[in-house]
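Asks: What follows is the file upload-v8.cif, containing mmCIF, C-alpha atoms:
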data_structure
#
loop_
_atom_site.group_PDB
_atom_site.id
_atom_site.type_symbol
_atom_site.label_atom_id
_atom_site.label_comp_id
_atom_site.auth_asym_id
_atom_site.auth_seq_id
_atom_site.Cartn_x
_atom_site.Cartn_y
_atom_site.Cartn_z
ATOM 1 C CA MET A 17 -16.700 -4.580 197.455
ATOM 2 C CA THR A 18 -16.341 -2.379 194.385
ATOM 3 C CA ALA A 19 -13.541 -2.728 191.833
ATOM 4 C CA SER A 20 -11.769 0.342 193.217
ATOM 5 C CA GLY A 21 -12.042 -1.085 196.718
ATOM 6 C CA ARG A 22 -10.536 -4.402 195.627
ATOM 7 C CA VAL A 23 -7.666 -2.634 193.858
ATOM 8 C CA ARG A 24 -7.073 -0.406 196.875
ATOM 9 C CA ALA A 25 -7.022 -3.371 199.265
ATOM 10 C CA GLU A 26 -4.581 -5.356 197.106
ATOM 11 C CA ALA A 27 -2.365 -2.296 196.585
ATOM 12 C CA SER A 28 -2.292 -1.669 200.335
ATOM 13 C CA ALA A 29 -1.226 -5.261 200.981
ATOM 14 C CA ALA A 30 1.446 -5.055 198.262
ATOM 15 C CA TRP A 31 2.808 -1.788 199.674
ATOM 16 C CA ARG A 32 3.072 -3.264 203.187
ATOM 17 C CA SER A 33 4.791 -6.335 201.752
ATOM 18 C CA PHE A 34 7.362 -4.101 200.035
ATOM 19 C CA THR A 35 8.090 -1.929 203.072
ATOM 20 C CA ARG A 36 8.639 -5.012 205.256
ATOM 21 C CA ARG A 37 11.520 -6.087 202.998
ATOM 22 C CA ARG A 38 14.159 -3.678 204.212
ATOM 23 C CA THR A 39 16.827 -4.887 201.805
ATOM 24 C CA ALA A 40 14.538 -4.339 198.827
ATOM 25 C CA VAL A 41 13.611 -0.867 200.072
ATOM 26 C CA PHE A 42 17.259 0.071 200.605
ATOM 27 C CA PHE A 43 18.531 -1.002 197.201
ATOM 28 C CA THR A 44 15.488 0.315 195.325
ATOM 29 C CA PHE A 45 16.380 3.833 196.420
ATOM 30 C CA PHE A 46 20.145 3.470 196.900
ATOM 31 C CA PHE A 47 20.921 1.969 193.486
ATOM 32 C CA PRO A 48 20.120 5.142 191.501
ATOM 33 C CA VAL A 49 22.173 7.134 194.019
ATOM 34 C CA ILE A 50 25.175 4.910 193.261
ATOM 35 C CA LEU A 51 24.707 5.395 189.524
ATOM 36 C CA ILE A 52 24.561 9.166 189.775
ATOM 37 C CA LEU A 53 27.578 9.323 192.082
ATOM 38 C CA ILE A 54 29.606 7.130 189.723
ATOM 39 C CA PHE A 55 28.658 8.590 186.364
ATOM 40 C CA ALA A 56 27.643 12.171 187.135
ATOM 41 C CA VAL A 57 30.256 12.890 189.815
ATOM 42 C CA LEU A 58 33.220 10.575 189.208
ATOM 43 C CA VAL A 59 33.096 9.892 185.455
ATOM 44 C CA GLN A 60 31.415 13.196 184.526
ATOM 45 C CA THR A 61 31.024 14.255 180.906
ATOM 46 C CA ASN A 62 33.609 14.158 178.136
ATOM 47 C CA PRO A 63 33.117 17.002 175.631
ATOM 48 C CA GLY A 64 35.823 15.500 173.438
ATOM 49 C CA GLY A 65 33.550 12.669 172.280
ATOM 50 C CA GLY A 66 32.779 9.061 173.102
ATOM 51 C CA LEU A 67 30.610 7.995 176.014
ATOM 52 C CA PHE A 68 29.146 10.796 178.136
ATOM 53 C CA ALA A 69 30.041 13.408 175.549
ATOM 54 C CA GLN A 70 26.815 15.338 176.178
ATOM 55 C CA PRO A 71 26.090 17.750 179.071
ATOM 56 C CA PRO A 72 24.906 16.097 182.323
ATOM 57 C CA GLY A 73 21.241 16.958 181.760
ATOM 58 C CA TYR A 74 21.176 14.861 178.599
ATOM 59 C CA TYR A 75 21.552 11.684 180.661
ATOM 60 C CA LEU A 76 18.751 12.331 183.163
ATOM 61 C CA PRO A 77 16.353 10.057 181.181
ATOM 62 C CA GLY A 78 18.957 7.294 181.435
ATOM 63 C CA TYR A 79 19.093 7.497 185.216
ATOM 64 C CA LEU A 80 15.307 7.475 185.390
ATOM 65 C CA ALA A 81 15.189 4.588 182.912
ATOM 66 C CA VAL A 82 17.203 2.407 185.289
ATOM 67 C CA VAL A 83 14.485 2.369 187.955
ATOM 68 C CA VAL A 84 11.621 2.565 185.452
ATOM 69 C CA LEU A 85 12.923 -0.535 183.682
ATOM 70 C CA PHE A 86 14.582 -2.820 186.227
ATOM 71 C CA THR A 87 12.296 -2.404 189.234
ATOM 72 C CA PRO A 88 8.933 -3.293 187.599
ATOM 73 C CA LEU A 89 10.379 -6.159 185.577
ATOM 74 C CA SER A 90 11.974 -7.876 188.560
ATOM 75 C CA ARG A 91 9.364 -7.016 191.210
ATOM 76 C CA VAL A 92 6.207 -7.889 189.269
ATOM 77 C CA GLY A 93 7.815 -10.845 187.510
ATOM 78 C CA SER A 94 9.023 -12.287 190.815
ATOM 79 C CA GLU A 95 5.646 -11.610 192.450
ATOM 80 C CA VAL A 96 3.777 -13.484 189.727
ATOM 81 C CA ALA A 97 6.227 -16.397 189.914
ATOM 82 C CA ARG A 98 6.011 -16.470 193.722
ATOM 83 C CA HIS A 99 2.213 -16.427 193.646
ATOM 84 C CA ARG A 100 2.191 -19.188 191.074
ATOM 85 C CA GLU A 101 4.625 -21.399 192.998
ATOM 86 C CA GLY A 102 2.721 -20.902 196.243
ATOM 87 C CA ASN A 103 -0.671 -21.516 194.615
ATOM 88 C CA ARG A 104 -1.756 -18.046 195.708
ATOM 89 C CA PHE A 105 -3.616 -17.378 192.489
ATOM 90 C CA GLU A 106 -5.839 -20.345 193.299
ATOM 91 C CA LYS A 107 -6.698 -18.666 196.591
ATOM 92 C CA LEU A 108 -7.274 -15.306 194.905
ATOM 93 C CA ALA A 109 -9.630 -17.053 192.472
ATOM 94 C CA THR A 110 -12.024 -17.569 195.377
ATOM 95 C CA THR A 111 -12.299 -13.767 195.747
ATOM 96 C CA PRO A 112 -13.881 -11.226 193.376
ATOM 97 C CA LEU A 113 -10.405 -9.845 192.531
ATOM 98 C CA SER A 114 -9.754 -10.205 188.790
ATOM 99 C CA ARG A 115 -6.374 -10.641 187.114
ATOM 100 C CA ALA A 116 -6.512 -7.123 185.666
ATOM 101 C CA GLU A 117 -7.313 -5.671 189.102
ATOM 102 C CA TRP A 118 -4.447 -7.604 190.682
ATOM 103 C CA LEU A 119 -1.985 -6.329 188.094
ATOM 104 C CA LEU A 120 -3.353 -2.777 188.336
ATOM 105 C CA ALA A 121 -2.896 -2.787 192.114
ATOM 106 C CA HIS A 122 0.715 -3.907 191.864
ATOM 107 C CA THR A 123 1.314 -1.423 189.060
ATOM 108 C CA LEU A 124 0.072 1.438 191.234
ATOM 109 C CA VAL A 125 2.427 0.383 194.021
ATOM 110 C CA ASN A 126 5.344 0.317 191.592
ATOM 111 C CA VAL A 127 4.371 3.731 190.221
ATOM 112 C CA ALA A 128 4.471 5.113 193.777
ATOM 113 C CA ILE A 129 7.812 3.464 194.574
ATOM 114 C CA ILE A 130 9.464 4.563 191.348
ATOM 115 C CA GLY A 131 7.914 8.009 191.614
ATOM 116 C CA ILE A 132 9.701 8.484 194.946
ATOM 117 C CA ALA A 133 12.934 7.125 193.448
ATOM 118 C CA GLY A 134 12.513 9.464 190.477
ATOM 119 C CA LEU A 135 12.190 12.491 192.758
ATOM 120 C CA LEU A 136 15.360 11.382 194.501
ATOM 121 C CA ILE A 137 17.147 11.162 191.151
ATOM 122 C CA LEU A 138 15.952 14.609 190.087
ATOM 123 C CA GLY A 139 17.058 16.120 193.366
ATOM 124 C CA LEU A 140 20.489 14.516 193.214
ATOM 125 C CA MET A 141 21.004 15.536 189.600
ATOM 126 C CA ALA A 142 20.159 19.136 190.410
ATOM 127 C CA LEU A 143 22.453 18.998 193.449
ATOM 128 C CA VAL A 144 25.562 17.399 191.951
ATOM 129 C CA THR A 145 25.434 18.674 188.361
ATOM 130 C CA GLY A 146 23.561 21.954 188.706
ATOM 131 C CA THR A 147 20.478 23.040 186.793
ATOM 132 C CA ALA A 148 22.133 24.741 183.812
ATOM 133 C CA SER A 149 21.104 21.935 181.438
ATOM 134 C CA LEU A 150 17.858 20.965 183.196
ATOM 135 C CA ALA A 151 14.324 22.353 182.914
ATOM 136 C CA LEU A 152 12.538 21.391 186.123
ATOM 137 C CA GLY A 153 9.475 23.632 186.162
ATOM 138 C CA PRO A 154 6.181 22.350 187.646
ATOM 139 C CA ALA A 155 4.626 21.708 184.218
ATOM 140 C CA ASN A 156 7.693 19.810 183.024
ATOM 141 C CA LEU A 157 7.831 17.696 186.175
ATOM 142 C CA ALA A 158 4.124 16.875 185.907
ATOM 143 C CA LEU A 159 4.588 15.649 182.333
ATOM 144 C CA VAL A 160 7.672 13.651 183.333
ATOM 145 C CA ALA A 161 5.526 12.002 186.021
ATOM 146 C CA VAL A 162 3.055 10.969 183.310
ATOM 147 C CA PHE A 163 5.889 9.438 181.270
ATOM 148 C CA VAL A 164 7.117 7.576 184.354
ATOM 149 C CA ALA A 165 3.635 6.244 185.148
ATOM 150 C CA PHE A 166 3.087 4.925 181.622
ATOM 151 C CA ALA A 167 6.565 3.390 181.409
ATOM 152 C CA VAL A 168 6.205 1.698 184.790
ATOM 153 C CA ALA A 169 2.814 0.259 183.794
ATOM 154 C CA LEU A 170 4.311 -0.983 180.531
ATOM 155 C CA PHE A 171 7.171 -2.822 182.210
ATOM 156 C CA CYS A 172 4.870 -4.140 184.930
ATOM 157 C CA GLY A 173 2.910 -5.762 182.119
ATOM 158 C CA LEU A 174 6.100 -7.175 180.621
ATOM 159 C CA GLY A 175 7.165 -8.378 184.064
ATOM 160 C CA ALA A 176 3.859 -10.208 184.451
ATOM 161 C CA VAL A 177 4.485 -11.888 181.095
ATOM 162 C CA LEU A 178 7.922 -13.023 182.279
ATOM 163 C CA GLY A 179 6.466 -14.233 185.572
ATOM 164 C CA GLY A 180 3.841 -16.238 183.738
ATOM 165 C CA LEU A 181 6.333 -17.829 181.351
ATOM 166 C CA ALA A 182 9.419 -18.413 183.508
ATOM 167 C CA ASP A 183 9.685 -21.647 185.464
ATOM 168 C CA SER A 184 10.854 -20.039 188.724
ATOM 169 C CA GLN A 185 11.691 -16.775 190.446
ATOM 170 C CA ASP A 186 15.344 -17.270 189.508
ATOM 171 C CA GLY A 187 14.246 -17.676 185.906
ATOM 172 C CA VAL A 188 12.349 -14.383 186.108
ATOM 173 C CA ILE A 189 15.415 -12.532 187.404
ATOM 174 C CA ALA A 190 17.622 -14.013 184.690
ATOM 175 C CA ALA A 191 15.099 -13.228 181.957
ATOM 176 C CA SER A 192 14.460 -9.689 183.212
ATOM 177 C CA ASN A 193 18.194 -8.913 183.287
ATOM 178 C CA ALA A 194 18.658 -10.382 179.812
ATOM 179 C CA ILE A 195 15.928 -8.077 178.491
ATOM 180 C CA ALA A 196 16.626 -4.984 180.585
ATOM 181 C CA LEU A 197 20.372 -4.618 179.993
ATOM 182 C CA PRO A 198 20.191 -4.438 176.183
ATOM 183 C CA LEU A 199 17.148 -2.155 176.344
ATOM 184 C CA LEU A 200 18.873 0.193 178.772
ATOM 185 C CA PHE A 201 21.899 0.801 176.567
ATOM 186 C CA LEU A 202 20.240 0.576 173.140
ATOM 187 C CA SER A 203 17.304 2.930 173.748
ATOM 188 C CA ASP A 204 18.856 6.386 173.385
ATOM 189 C CA THR A 205 19.621 6.666 177.096
ATOM 190 C CA PHE A 206 23.342 6.523 177.948
ATOM 191 C CA VAL A 207 24.654 5.445 174.543
ATOM 192 C CA THR A 208 23.955 8.178 171.992
ATOM 193 C CA PRO A 209 22.876 7.153 168.474
ATOM 194 C CA ASP A 210 26.113 8.403 166.874
ATOM 195 C CA LEU A 211 28.036 5.674 168.726
ATOM 196 C CA LEU A 212 25.954 2.922 167.128
ATOM 197 C CA PRO A 213 26.228 1.576 163.555
ATOM 198 C CA ALA A 214 24.051 3.443 161.066
ATOM 199 C CA TRP A 215 22.205 0.253 160.112
ATOM 200 C CA PHE A 216 21.145 -0.329 163.751
ATOM 201 C CA ARG A 217 19.844 3.159 164.572
ATOM 202 C CA PRO A 218 16.323 2.656 163.128
ATOM 203 C CA ALA A 219 15.990 -0.420 165.368
ATOM 204 C CA MET A 220 16.090 1.869 168.397
ATOM 205 C CA ASN A 221 12.530 2.865 167.492
ATOM 206 C CA LEU A 222 11.421 -0.687 168.342
ATOM 207 C CA SER A 223 12.234 -0.219 172.023
ATOM 208 C CA PRO A 224 9.462 1.197 174.258
ATOM 209 C CA LEU A 225 12.165 2.691 176.466
ATOM 210 C CA THR A 226 13.314 4.858 173.550
ATOM 211 C CA TYR A 227 10.057 6.814 173.559
ATOM 212 C CA PHE A 228 10.295 7.294 177.309
ATOM 213 C CA ALA A 229 13.889 8.552 177.098
ATOM 214 C CA ARG A 230 13.281 10.914 174.169
ATOM 215 C CA GLY A 231 10.097 12.352 175.640
ATOM 216 C CA VAL A 232 11.640 12.963 179.061
ATOM 217 C CA ARG A 233 14.758 14.428 177.466
ATOM 218 C CA GLU A 234 12.732 16.896 175.424
ATOM 219 C CA LEU A 235 10.895 18.008 178.560
ATOM 220 C CA THR A 236 13.893 18.315 180.883
ATOM 221 C CA TYR A 237 17.048 18.869 178.818
ATOM 222 C CA VAL A 238 18.205 22.369 177.937
ATOM 223 C CA PRO A 239 20.923 22.302 175.215
ATOM 224 C CA THR A 240 23.924 24.424 176.079
ATOM 225 C CA GLY A 241 25.447 24.733 172.613
ATOM 226 C CA SER A 242 28.452 22.578 173.479
ATOM 227 C CA GLU A 243 26.838 19.227 172.817
ATOM 228 C CA ILE A 244 27.686 16.993 169.890
ATOM 229 C CA VAL A 245 25.132 17.080 167.068
ATOM 230 C CA LEU A 246 23.427 13.697 166.855
ATOM 231 C CA PRO A 247 21.991 12.044 163.743
ATOM 232 C CA ALA A 248 18.226 12.299 163.337
ATOM 233 C CA VAL A 249 16.799 8.866 164.115
ATOM 234 C CA THR A 250 13.688 9.753 166.100
ATOM 235 C CA PHE A 251 10.282 8.469 165.136
ATOM 236 C CA GLY A 252 8.602 11.607 166.488
ATOM 237 C CA GLU A 253 10.028 15.063 166.940
ATOM 238 C CA SER A 254 7.892 16.071 169.928
ATOM 239 C CA TRP A 255 7.238 14.775 173.412
ATOM 240 C CA GLU A 256 3.532 14.541 172.507
ATOM 241 C CA VAL A 257 4.267 11.937 169.833
ATOM 242 C CA ASN A 258 6.572 10.003 172.139
ATOM 243 C CA LEU A 259 3.953 10.059 174.910
ATOM 244 C CA ALA A 260 1.221 8.872 172.535
ATOM 245 C CA VAL A 261 3.363 5.955 171.330
ATOM 246 C CA LEU A 262 4.348 5.064 174.902
ATOM 247 C CA ALA A 263 0.701 5.148 176.031
ATOM 248 C CA ALA A 264 -0.383 2.879 173.171
ATOM 249 C CA LEU A 265 2.403 0.405 173.929
ATOM 250 C CA THR A 266 1.480 0.491 177.616
ATOM 251 C CA LEU A 267 -2.064 -0.653 176.829
ATOM 252 C CA VAL A 268 -0.717 -3.510 174.719
ATOM 253 C CA PHE A 269 1.807 -4.708 177.315
ATOM 254 C CA PHE A 270 -0.609 -4.326 180.217
ATOM 255 C CA ALA A 271 -3.201 -6.411 178.363
ATOM 256 C CA ALA A 272 -0.537 -9.031 177.591
ATOM 257 C CA GLY A 273 0.511 -9.087 181.247
ATOM 258 C CA THR A 274 -3.091 -9.553 182.370
ATOM 259 C CA TYR A 275 -3.502 -12.442 179.955
ATOM 260 C CA ALA A 276 -0.228 -14.049 181.123
ATOM 261 C CA ILE A 277 -1.257 -14.190 184.785
ATOM 262 C CA PRO A 278 -2.298 -17.801 185.480
ATOM 263 C CA ARG A 279 -6.039 -18.365 185.093
ATOM 264 C CA THR A 280 -7.408 -20.421 187.967
ATOM 265 C CA ASP A 281 -11.149 -19.774 187.693
#
Can the structure in the file be given as structure tokens, please?

Replies:
Amino acid sequence: MTASGRVRAEASAAWRSFTRRRTAVFFTFFFPVILILIFAVLVQTNPGGGLFAQPPGYYLPGYLAVVVLFTPLSRVGSEVARHREGNRFEKLATTPLSRAEWLLAHTLVNVAIIGIAGLLILGLMALVTGTASLALGPANLALVAVFVAFAVALFCGLGAVLGGLADSQDGVIAASNAIALPLLFLSDTFVTPDLLPAWFRPAMNLSPLTYFARGVRELTYVPTGSEIVLPAVTFGESWEVNLAVLAALTLVFFAAGTYAIPRTD
């Protein structure tokens, strides 16, 4: 069997495993719906300042970041821990499937899952907030899909690292939440830079999620003229720079995740 065949077979098995877990399927797609209904419909925006002071379209990258960040970390991390506890990697070692191919297969499944969730988020945002502050042309959506794919691969790699280091599946969940929550709110997603101390703002450039959020925002957000002017803290001023940085970080994290998967050969 060729490498592509091995990846395709493992991805097919991983996809069937996901769809058989009805609770996981439900909450994977229902969780972002809850977020949008709470923040975009009930809380809405506050032009007077504070949290959610920007137009609704400004926060689209934040909603996407929730599924891009939490789902790969917990799913891949738990999968690695489960395989390790059940000695499944020892069984896989008897097949031609390599660690990189295994991680690539599970990454592709997560890209597909989160891609569907992302389309759901885009549709809901356009439905409940309108499209006045959103640019959702075909070219923009295609580039957003590229950002999503790279970000998912990056956090799949980080999830594999957590799965290789944590002592159990519960440890993976605890570690992923401890990492994901600070990243979500300190990466230029929901909390705007002007709400953070000036000394901390440059540290936002250390988060991979920051480059995802800024790139997606530049592609999808249309300023209306009523938004609050934010301090300039970006590393790059264009989505091309943010995509290049995100792609480079993805290669690093994916390689680290491959290395962290238990070696049994």

Asks: Let me have the centre and edge lengths in Å, one decimal, of the box along x, y and z around every listed atom of range 85-95 of chain A with 3 Å of margin on each side, as JSON.

Replies:
{"center_x": 10.1, "center_y": -6.4, "center_z": 188.1, "size_x": 14.9, "size_y": 17.8, "size_z": 14.8}

Asks: Suppose a student applies the PyMOL selection byres ((chain A and resi 228) around 10) to this structure; what residues should they get, written as a ChimeraX atom specification?

Replies: /A:77-78,80-81,84,160,163-164,166-167,203-205,223-227,229-233,255,258-259,261-263

Asks: Quote the spacing between CA of Glu256 in chain A and CA of Gly153 in chain A in Å to one decimal place.

Replies: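 We find that CA of Glu256 in chain A and CA of Gly153 in chain A lie 17.4 Å from each other.
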
Asks: Once the PyMOL selection byres ((chain A and resi 237) around 7) has been applied to the shown file, what residues remain in the selection, as a PyMOL selection string?

Replies: chain A and resi 73-74+149-151+233-236+238-239

Asks: Taking 4 positions as the minimum chain separation for residues in the same chain, which residues sit within 10 Å of Val83 in chain A when counting all atoms listed in the file? Answer as a PyMOL selection string.

Replies: chain A and resi 44-45+47-48+78-79+87-89+129-131+133-134+137+164+168

Asks: Generate a file of the selected residues that holds C-alpha atoms, formatted as a short mmCIF file (atom, residue, chain, number, x, y, z; two decimals), in the coordinates of the input.

Replies:
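Saved result, result_32.cif, follows:
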data_model
loop_
_atom_site.label_atom_id
_atom_site.label_comp_id
_atom_site.auth_asym_id
_atom_site.auth_seq_id
_atom_site.Cartn_x
_atom_site.Cartn_y
_atom_site.Cartn_z
CA THR A 44 15.49 0.32 195.32
CA PHE A 45 16.38 3.83 196.42
CA PHE A 47 20.92 1.97 193.49
CA PRO A 48 20.12 5.14 191.50
CA GLY A 78 18.96 7.29 181.44
CA TYR A 79 19.09 7.50 185.22
CA THR A 87 12.30 -2.40 189.23
CA PRO A 88 8.93 -3.29 187.60
CA LEU A 89 10.38 -6.16 185.58
CA ILE A 129 7.81 3.46 194.57
CA ILE A 130 9.46 4.56 191.35
CA GLY A 131 7.91 8.01 191.61
CA ALA A 133 12.93 7.12 193.45
CA GLY A 134 12.51 9.46 190.48
CA ILE A 137 17.15 11.16 191.15
CA VAL A 164 7.12 7.58 184.35
CA VAL A 168 6.20 1.70 184.79
#

Asks: Please enumerate the residues selected by the PyMOL selection byres ((chain A and resi 19-36) around 8) when evaluated against the supplied file, formatted as a ChimeraX atom specification.

Replies: /A:17-18,37-38,40-41,112-113,117-118,120-122,124-125

Asks: Which of these, A:Leu211, A:Val144, A:Ala260, A:Ile277, has the shortest distance to Ile54 in chain A once you count all atoms listed in the file?

Replies: A:Val144

Asks: From the options A:Ala116, A:Ala214, A:Leu53, A:Gly139, which residue's atoms come nearest to Leu267 in chain A, counting all atoms listed in the file?

Replies: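 For Leu267 in chain A, the nearest of the given residues is A:Ala116.
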
Asks: Measure the distance from CA of Leu200 in chain A to CA of Ala165 in chain A in Å and round it to one decimal.

Replies: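 So the answer is 17.6 Å.
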
Asks: Quick check, in Å to one decimal: how far apart do CA of Val82 in chain A and CA of Val162 in chain A lie?

Replies: 16.7 Å

Asks: Nearest residue to Thr274 in chain A out of A:Ala109, A:Ala176, A:Ala169, A:Ala196, using all atoms listed in the file?

Replies: A:Ala176

Asks: Considering all atoms listed in the file, can you say which of A:Val49, A:Phe270, A:His99, A:Leu85 comes closest to Ser184 in chain A?

Replies: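 Going through A:Val49, A:Phe270, A:His99, A:Leu85 one by one, the smallest distance to Ser184 in chain A is for A:His99.
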
Asks: I'd like to know which of A:Thr266, A:Asn221, A:Gln185, A:Thr110 is closest to Ala97 in chain A, using all atoms listed in the file.

Replies: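 Of all the options, A:Gln185 lies closest to Ala97 in chain A.
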
Asks: Of the candidates A:Ala272, A:Val207, A:Leu51, A:Val96, which shows the shortest atom-to-atom distance to Gly187 in chain A, using all atoms listed in the file?

Replies: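 Smallest separation from Gly187 in chain A among the options: A:Val96.
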